[in-house]
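For reference, target_25.csv (CSV, C-alpha atoms and all ligand atoms):
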chain,number,residue,atom,x,y,z
A,1,MET,CA,-17.2,12.1,-19.7
A,2,LEU,CA,-14.1,11.4,-17.5
A,3,ALA,CA,-13.0,15.0,-18.0
A,4,GLN,CA,-16.3,16.3,-16.7
A,5,GLN,CA,-16.3,13.8,-13.8
A,6,LEU,CA,-12.8,14.8,-12.7
A,7,SER,CA,-13.8,18.5,-12.9
A,8,ARG,CA,-16.7,17.7,-10.7
A,9,LEU,CA,-14.4,15.9,-8.2
A,10,ALA,CA,-12.1,18.9,-8.1
A,11,THR,CA,-14.8,21.5,-7.7
A,12,GLU,CA,-17.2,19.7,-5.3
A,13,TYR,CA,-14.7,17.9,-3.1
A,14,THR,CA,-14.2,20.6,-0.5
A,15,TYR,CA,-18.0,20.9,0.0
A,16,GLU,CA,-18.6,17.2,0.0
A,17,ARG,CA,-15.8,16.3,2.5
A,18,ALA,CA,-17.5,18.5,5.1
A,19,LYS,CA,-20.2,15.8,5.2
A,20,LEU,CA,-20.1,12.4,6.8
A,21,PHE,CA,-17.7,10.0,5.1
A,22,ALA,CA,-19.6,6.8,5.8
A,23,GLY,CA,-22.3,6.2,3.1
A,24,SER,CA,-21.3,9.3,1.1
A,25,GLU,CA,-22.9,9.2,-2.3
A,26,PHE,CA,-20.1,11.4,-3.6
A,27,GLY,CA,-17.6,8.9,-2.3
A,28,ASN,CA,-19.3,6.2,-4.3
A,29,PHE,CA,-19.4,8.4,-7.4
A,30,VAL,CA,-15.6,8.7,-7.2
A,31,ARG,CA,-14.8,5.1,-6.3
A,32,HIS,CA,-17.2,3.6,-8.7
A,33,ASP,CA,-18.4,5.9,-11.5
A,34,ILE,CA,-15.0,7.6,-12.1
A,35,ALA,CA,-13.1,4.3,-11.9
A,36,VAL,CA,-15.6,2.6,-14.4
A,37,GLU,CA,-15.3,5.5,-16.9
A,38,ALA,CA,-11.5,5.5,-16.6
A,39,LYS,CA,-11.4,1.7,-17.1
A,40,LYS,CA,-13.3,2.1,-20.3
A,41,LEU,CA,-10.5,4.3,-21.7
A,42,VAL,CA,-7.8,1.6,-21.1
A,43,THR,CA,-9.7,-1.6,-21.7
A,44,PHE,CA,-9.3,-1.5,-25.5
A,45,GLY,CA,-5.6,-0.5,-25.4
A,46,THR,CA,-2.7,-2.9,-25.3
A,47,PHE,CA,-2.2,-2.1,-21.6
A,48,ASP,CA,-3.0,-4.6,-18.9
A,49,LEU,CA,-3.9,-2.0,-16.2
A,50,ALA,CA,-5.7,-1.9,-13.0
A,51,VAL,CA,-7.7,1.3,-12.3
A,52,LYS,CA,-8.6,2.6,-8.9
A,53,ALA,CA,-10.1,5.8,-7.6
A,54,SER,CA,-10.1,6.9,-3.9
A,55,VAL,CA,-11.3,9.6,-1.5
A,56,GLY,CA,-9.6,8.0,1.5
A,57,GLN,CA,-10.1,5.0,3.7
A,58,GLY,CA,-12.5,5.6,6.6
A,59,VAL,CA,-11.8,9.3,6.5
A,60,TRP,CA,-11.7,11.8,3.7
A,61,ALA,CA,-8.3,12.1,2.1
A,62,SER,CA,-6.7,15.6,1.6
A,63,VAL,CA,-6.0,14.6,-1.9
A,64,PRO,CA,-8.4,12.3,-3.8
A,65,TRP,CA,-6.9,10.4,-6.7
A,66,LEU,CA,-7.5,8.2,-9.7
A,67,ALA,CA,-4.7,5.8,-10.5
A,68,PHE,CA,-3.6,3.4,-13.2
A,69,PHE,CA,-1.4,0.4,-12.0
A,70,ASP,CA,0.6,-2.0,-14.2
A,71,PRO,CA,0.3,-5.3,-12.2
A,72,LEU,CA,4.0,-6.0,-13.1
A,73,VAL,CA,5.0,-3.0,-11.0
A,74,THR,CA,2.3,-2.6,-8.4
A,75,GLU,CA,-1.4,-3.1,-7.7
A,76,THR,CA,-1.6,-0.4,-4.9
A,77,ALA,CA,-0.9,3.3,-4.5
A,78,THR,CA,1.4,2.6,-1.6
A,79,LYS,CA,4.3,1.2,-3.5
A,80,GLY,CA,6.0,1.1,-6.9
A,81,PHE,CA,5.3,3.7,-9.5
A,82,TYR,CA,2.2,4.5,-11.5
A,83,VAL,CA,0.2,7.0,-13.4
A,84,VAL,CA,-2.3,9.1,-11.3
A,85,TYR,CA,-4.6,12.0,-11.5
A,86,LEU,CA,-4.2,13.9,-8.2
A,87,ILE,CA,-6.8,16.5,-7.2
A,88,ASN,CA,-6.0,19.8,-5.4
A,89,PRO,CA,-9.4,20.7,-4.0
A,90,ASN,CA,-8.2,24.2,-2.9
A,91,THR,CA,-7.1,25.4,-6.3
A,92,GLN,CA,-9.5,23.0,-8.1
A,93,GLN,CA,-6.7,21.6,-10.2
A,94,ILE,CA,-6.4,18.2,-11.7
A,95,ILE,CA,-2.8,16.9,-12.0
A,96,LEU,CA,-1.9,14.1,-14.3
A,97,SER,CA,1.3,12.7,-12.8
A,98,MET,CA,3.9,10.0,-13.2
A,99,ASN,CA,4.2,9.3,-9.5
A,100,GLN,CA,5.3,6.8,-6.8
A,101,GLY,CA,4.0,5.0,-3.8
A,102,THR,CA,5.1,6.9,-0.7
A,103,THR,CA,4.1,4.6,2.1
A,104,ALA,CA,6.6,1.9,1.3
A,105,ILE,CA,9.4,4.5,1.0
A,106,TYR,CA,8.4,6.3,4.2
A,107,ASN,CA,8.4,2.9,6.1
A,108,ASP,CA,11.9,2.3,4.8
A,109,PHE,CA,13.5,5.7,5.2
A,110,GLY,CA,11.3,7.8,7.4
A,111,ALA,CA,9.3,10.8,6.1
A,112,THR,CA,12.1,13.3,5.8
A,113,ARG,CA,14.7,11.1,4.2
A,114,GLY,CA,11.9,9.4,2.3
A,115,ARG,CA,11.0,12.6,0.5
A,116,ASP,CA,14.6,13.0,-0.7
A,117,VAL,CA,14.6,9.4,-1.9
A,118,LEU,CA,11.3,10.0,-3.8
A,119,LYS,CA,12.6,13.2,-5.4
A,120,ARG,CA,15.8,11.4,-6.5
A,121,ARG,CA,13.8,8.5,-8.0
A,122,ALA,CA,11.4,10.9,-9.6
A,123,ARG,CA,14.3,12.5,-11.5
A,124,ASP,CA,15.7,9.1,-12.5
A,125,MET,CA,12.3,8.1,-13.8
A,126,ALA,CA,12.1,11.2,-16.0
A,127,ASP,CA,15.7,10.6,-17.2
A,128,ARG,CA,14.9,7.1,-18.2
A,129,VAL,CA,12.1,8.2,-20.6
A,130,PRO,CA,13.3,11.6,-21.7
A,131,GLU,CA,11.4,11.6,-24.9
A,132,PHE,CA,8.1,11.3,-23.0
A,133,ALA,CA,9.1,13.5,-20.0
A,134,LYS,CA,9.7,16.5,-22.3
A,135,GLN,CA,6.2,16.3,-23.6
A,136,PHE,CA,5.0,17.0,-20.1
A,137,SER,CA,6.3,19.3,-17.4
A,138,GLU,CA,8.9,18.4,-14.8
A,139,ALA,CA,8.1,21.4,-12.7
A,140,PRO,CA,7.1,20.7,-9.0
A,141,ILE,CA,3.4,20.3,-8.3
A,142,ASP,CA,1.5,21.8,-5.4
A,143,LEU,CA,-1.3,19.8,-3.8
A,144,GLY,CA,-2.2,22.5,-1.2
A,145,SER,CA,-1.8,20.3,1.8
A,146,GLU,CA,0.9,19.9,4.5
A,147,ALA,CA,-0.2,16.3,5.3
A,148,GLY,CA,2.3,13.5,4.9
A,149,LEU,CA,0.8,11.7,1.9
A,150,PRO,CA,0.3,14.8,-0.2
A,151,ALA,CA,3.9,15.9,0.6
A,152,GLY,CA,4.9,12.5,-0.6
A,153,TYR,CA,3.1,12.9,-3.8
A,154,GLU,CA,4.7,16.2,-4.4
A,155,ALA,CA,8.1,14.7,-3.8
A,156,GLY,CA,7.3,11.6,-5.9
A,157,HIS,CA,6.0,13.5,-8.9
A,158,SER,CA,8.3,12.8,-11.9
A,159,PHE,CA,6.5,14.6,-14.7
A,160,GLY,CA,3.0,15.5,-15.7
A,161,LYS,CA,0.4,18.1,-16.6
A,162,THR,CA,-1.9,20.4,-14.6
A,163,TYR,CA,-5.4,21.3,-15.7
A,164,GLN,CA,-7.9,23.7,-14.2
A,165,ALA,CA,-11.2,22.1,-13.5
A,166,GLY,CA,-13.8,23.0,-16.1
A,167,THR,CA,-11.3,23.7,-18.8
A,168,LEU,CA,-10.5,20.1,-19.4
A,169,ASN,CA,-12.3,18.2,-22.2
A,170,ASP,CA,-12.3,14.6,-23.1
A,171,ASP,CA,-10.2,14.8,-26.3
A,172,MET,CA,-7.4,16.6,-24.4
A,173,LEU,CA,-7.7,14.2,-21.5
A,174,GLU,CA,-7.5,11.1,-23.6
A,175,ALA,CA,-4.6,12.3,-25.8
A,176,ASP,CA,-2.5,13.2,-22.7
A,177,LEU,CA,-3.5,10.1,-20.8
A,178,HIS,CA,-2.5,8.0,-23.8
A,179,GLN,CA,0.9,9.6,-24.0
A,180,MET,CA,1.3,9.2,-20.3
A,181,LEU,CA,0.5,5.5,-20.4
A,182,LEU,CA,2.9,5.0,-23.3
A,183,ALA,CA,5.5,6.7,-21.1
A,184,TYR,CA,4.5,4.3,-18.3
A,185,ALA,CA,4.9,1.2,-20.5
A,186,ALA,CA,8.3,2.5,-21.8
A,187,LEU,CA,9.4,3.1,-18.2
A,188,VAL,CA,8.4,-0.4,-17.2
A,189,ASN,CA,10.2,-1.8,-20.3
A,190,ARG,CA,13.4,0.0,-19.3
A,191,GLY,CA,13.6,-1.1,-15.7
A,192,GLY,CA,11.4,1.4,-13.9
A,193,THR,CA,13.3,2.8,-10.9
A,194,THR,CA,15.9,0.0,-10.7
A,195,PRO,CA,19.4,1.4,-11.2
A,196,SER,CA,21.2,0.2,-14.3
A,197,GLU,CA,24.1,-1.4,-12.4
A,198,VAL,CA,21.7,-3.5,-10.3
A,199,MET,CA,19.9,-4.7,-13.5
A,200,GLN,CA,23.2,-5.4,-15.2
A,201,GLU,CA,24.4,-7.4,-12.3
A,202,GLU,CA,21.3,-9.5,-12.3
A,203,ALA,CA,21.4,-10.0,-16.0
A,204,ASN,CA,25.0,-11.0,-15.8
A,205,GLY,CA,26.8,-8.5,-18.0
A,206,LYS,CA,24.5,-8.5,-21.1
A,207,ASP,CA,24.3,-5.2,-23.1
A,208,ILE,CA,21.7,-2.7,-22.0
A,209,GLU,CA,19.0,-3.7,-24.5
A,210,GLU,CA,19.3,-7.4,-23.5
A,211,THR,CA,19.5,-6.5,-19.9
A,212,ARG,CA,16.2,-4.6,-20.1
A,213,HIS,CA,14.5,-7.5,-21.8
A,214,TYR,CA,15.9,-9.9,-19.3
A,215,ILE,CA,14.8,-7.8,-16.3
A,216,LEU,CA,11.3,-7.3,-17.8
A,217,SER,CA,11.0,-11.0,-18.5
A,218,ARG,CA,11.9,-11.8,-15.0
A,219,ARG,CA,9.5,-9.2,-13.7
A,220,ILE,CA,6.7,-10.8,-15.8
A,221,GLU,CA,7.6,-14.2,-14.3
A,222,ARG,CA,7.6,-13.0,-10.8
A,223,SER,CA,4.3,-11.1,-11.0
A,224,GLN,CA,1.9,-12.7,-8.6
A,225,LYS,CA,-1.0,-11.9,-10.9
A,226,VAL,CA,0.7,-13.7,-13.9
A,227,ARG,CA,1.8,-16.6,-11.8
A,228,LYS,CA,-1.7,-17.2,-10.4
A,229,ALA,CA,-3.3,-16.9,-13.9
A,230,VAL,CA,-0.8,-19.4,-15.4
A,231,LEU,CA,-1.1,-21.9,-12.6
A,232,LYS,CA,-4.9,-21.7,-12.8
A,233,VAL,CA,-5.0,-23.1,-16.4
A,234,LYS,CA,-1.8,-25.1,-16.6
A,235,PRO,CA,-1.2,-28.4,-14.7
A,236,PRO,CA,1.0,-27.9,-11.7
A,237,ILE,CA,3.7,-30.2,-13.0
A,238,CYS,CA,7.2,-29.4,-14.4
A,239,GLU,CA,6.8,-29.4,-18.2
A,240,CYS,CA,10.4,-30.5,-18.6
A,241,CYS,CA,11.1,-33.2,-16.0
A,242,GLY,CA,7.6,-34.0,-14.9
A,243,LEU,CA,8.2,-33.2,-11.3
A,244,ASP,CA,4.8,-33.2,-9.6
A,245,PRO,CA,4.9,-31.6,-6.2
A,246,LYS,CA,1.6,-33.1,-5.2
A,247,HIS,CA,2.7,-36.7,-5.8
A,248,ASP,CA,6.4,-36.5,-5.5
A,249,TYR,CA,6.6,-34.4,-2.3
A,250,ASP,CA,3.1,-34.8,-0.9
A,251,PHE,CA,2.7,-31.1,-1.4
A,252,SER,CA,-0.8,-30.2,-0.2
A,253,GLY,CA,-0.9,-26.3,-0.1
A,254,PRO,CA,-2.7,-24.0,-2.5
A,255,ILE,CA,-1.4,-24.4,-6.1
A,256,SER,CA,-0.1,-20.8,-6.1
A,257,GLU,CA,2.3,-21.8,-3.4
A,258,ALA,CA,3.6,-24.9,-5.1
A,259,PRO,CA,7.3,-25.1,-5.5
A,260,LEU,CA,7.0,-24.4,-9.2
A,261,ASP,CA,8.0,-21.4,-11.3
A,262,VAL,CA,6.2,-19.9,-14.3
A,263,HIS,CA,8.7,-19.3,-17.1
A,264,HIS,CA,8.1,-16.5,-19.6
A,265,ALA,CA,9.2,-18.4,-22.7
A,266,VAL,CA,8.7,-15.8,-25.4
A,267,PRO,CA,11.8,-13.7,-26.1
A,268,LEU,CA,11.2,-10.0,-25.9
A,269,HIS,CA,13.9,-9.2,-28.5
A,270,GLY,CA,11.4,-8.2,-31.1
A,271,LEU,CA,10.2,-5.4,-28.8
A,272,THR,CA,11.1,-2.0,-30.1
A,273,ASP,CA,12.0,0.7,-27.7
A,274,GLY,CA,8.9,2.4,-26.2
A,275,GLU,CA,6.6,-0.3,-27.4
A,276,THR,CA,4.2,-1.9,-24.9
A,277,ARG,CA,5.2,-5.4,-24.0
A,278,GLN,CA,2.5,-8.1,-24.5
A,279,TYR,CA,2.3,-11.4,-22.9
A,280,LYS,CA,-0.4,-14.0,-23.3
A,281,VAL,CA,-1.5,-16.2,-20.5
A,282,PRO,CA,-1.0,-19.1,-20.7
A,283,ASP,CA,0.4,-19.4,-24.2
A,284,ASP,CA,3.7,-17.5,-23.5
A,285,PHE,CA,4.5,-19.4,-20.3
A,286,MET,CA,5.8,-22.8,-19.2
A,287,VAL,CA,5.5,-24.3,-15.8
A,288,LEU,CA,8.9,-25.5,-14.6
A,289,CYS,CA,10.4,-26.7,-11.4
A,290,PRO,CA,13.1,-24.3,-10.0
A,291,THR,CA,16.0,-26.5,-11.3
A,292,CYS,CA,14.6,-26.9,-14.9
A,293,HIS,CA,13.8,-23.2,-14.8
A,294,ARG,CA,17.4,-22.3,-14.0
A,295,MET,CA,18.7,-24.5,-16.7
A,296,ILE,CA,16.4,-23.2,-19.4
A,297,HIS,CA,17.8,-19.7,-18.8
A,298,LYS,CA,21.2,-21.1,-19.5
A,299,ILE,CA,20.5,-22.6,-22.9
A,300,ASP,CA,20.7,-20.5,-26.1
A,301,SER,CA,17.0,-20.1,-26.5
A,302,PRO,CA,15.0,-19.9,-23.3
A,303,SER,CA,11.9,-21.1,-25.2
A,304,ASP,CA,13.5,-24.3,-26.4
A,305,LEU,CA,11.8,-26.9,-24.2
A,306,SER,CA,12.8,-29.8,-26.4
A,307,LYS,CA,16.5,-28.9,-26.1
A,308,LEU,CA,16.1,-28.9,-22.4
A,309,LYS,CA,14.3,-32.2,-22.4
A,310,GLN,CA,17.0,-33.6,-24.6
A,311,GLN,CA,19.6,-32.7,-22.0
A,312,LEU,CA,17.5,-34.2,-19.3
A,313,ARG,CA,17.2,-37.5,-21.3
A,314,PHE,CA,20.9,-38.2,-20.7
A,315,LYS,CA,20.2,-38.3,-17.0
A,316,ILE,CA,17.3,-40.7,-17.5
A,317,ALA,CA,19.4,-42.8,-19.8
A,318,ARG,CA,22.2,-42.9,-17.3
A,319,GLU,CA,19.8,-44.0,-14.6
A,320,ILE,CA,18.4,-46.8,-16.7
A,321,LEU,CA,21.9,-48.0,-17.7
A,322,ASP,CA,23.0,-48.0,-14.0
A,323,PHE,CA,19.9,-49.9,-13.1
A,324,THR,CA,20.5,-52.6,-15.7
A,325,SER,CA,24.2,-53.0,-15.2
A,401,ZN,ZN,11.8,-29.9,-13.8
A,402,ZN,ZN,12.3,-18.0,-16.9
Represent the structure from my file as structure tokens, please.
Amino acid sequence: MLAQQLSRLATEYTYERAKLFAGSEFGNFVRHDIAVEAKKLVTFGTFDLAVKASVGQGVWASVPWLAFFDPLVTETATKGFYVVYLINPNTQQIILSMNQGTTAIYNDFGATRGRDVLKRRARDMADRVPEFAKQFSEAPIDLGSEAGLPAGYEAGHSFGKTYQAGTLNDDMLEADLHQMLLAYAALVNRGGTTPSEVMQEEANGKDIEETRHYILSRRIERSQKVRKAVLKVKPPICECCGLDPKHDYDFSGPISEAPLDVHHAVPLHGLTDGETRQYKVPDDFMVLCPTCHRMIHKIDSPSDLSKLKQQLRFKIAREILDFTS
């Protein structure tokens, strides 16, 4: 089904984009039907992925696309890295690609330097998951457009596979997509586009395996999506010291902005290389104030809340003793 739909997108796009953008039925077919069908393919997997298809915003894009975003990395095509089907309407080709958000890089470096940065990162990405990259092609892709965004996608392409519309079938599509999503998961697990030395610095000199787990764990904790989901079901109170921003500081803003962290308490050590990480909301998380959060990362087991509470009890005991003396 999706193979057929993508073929239709590639073959009919040039004709359809000659029509009015507003209210285009073809536009709805891409945004809705294609996205729904693609979502079905990933819903039963172990991946927590957002799916989006686009033909442009307000005007027809030169290159329509269907993308899969890991919310730990990005939820938009403008930044981070993600898996995407890019359509070349001129050659009627469908390109499965491990690619990157260009807008954020262009804003940071300008278009010309930005493309160099994208190319470099694209190589780094392939080098970080070589066993997957070699199943695909690292050859440059051609999107048949001189416009800024397509040029960015060409520069940001790390590895992938090109199909001619009409020759693609669902078995092939699903097998390749599955491999590509495994590559995506492995890439996220191994730090994505963050250079090793930066990761090692943050992880404070742990070995590479530990460093990757540490960085991934922190990535999970900082994800806005995860944070919101945890604070939606868990009381907004530090599970260790009981700090309650609402009562203790008269905090009155939205819960998601409360001065509390969500701590990913399940060690990732069991994760074998290339395996998709899993995290359960809220089971795998603790709500902690920033101080307790910092301390729990310093004890031997970052899931040992009772150990942390025990340490804190000395403080409480001290206060009581001071009070009574
Ligand atoms: Zn606390
Ligand atoms: Zn933590």
Two-atom distance - atom CA of A:Val83, atom CA of A:Ala229 (Å):
24.2 Å
Within 6 Å of ligand ZN 401 (chain A) (all atoms listed in the file), residues as a PyMOL selection string
chain A and resi 238+240-243+288-289+291-292
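If only C-alpha atoms and all ligand atoms are the atoms counted, then among A:Gln100, A:Ser306, A:Gln224, A:Ser217 the closest residue to ligand ZN 402 (chain A) is A:Ser217.
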Select the residues contacting ligand ZN 402 (chain A) at a distance of at most 12 Å, based on all atoms listed in the file, then format the selection as a ChimeraX atom specification.
/A:213-222,227,260-267,284-299,301-305
All residues 9 Å or closer to stretch 101-113 of chain A, only C-alpha atoms, same chain fewer than 3 positions away omitted, as number ranges by chain:
A: 76-82, 116-118, 148-149, 152-153, 155-156
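Between atom CA of A:Gln135 and atom CA of A:Asn99 the interatomic distance comes to 15.9 Å.
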What's around A:Val281 at 9 Å? Count all atoms listed in the file, leave out sequence neighbours fewer than 6 positions away in its own chain, and write the answer as number ranges by chain.
A: 226, 229-230, 233
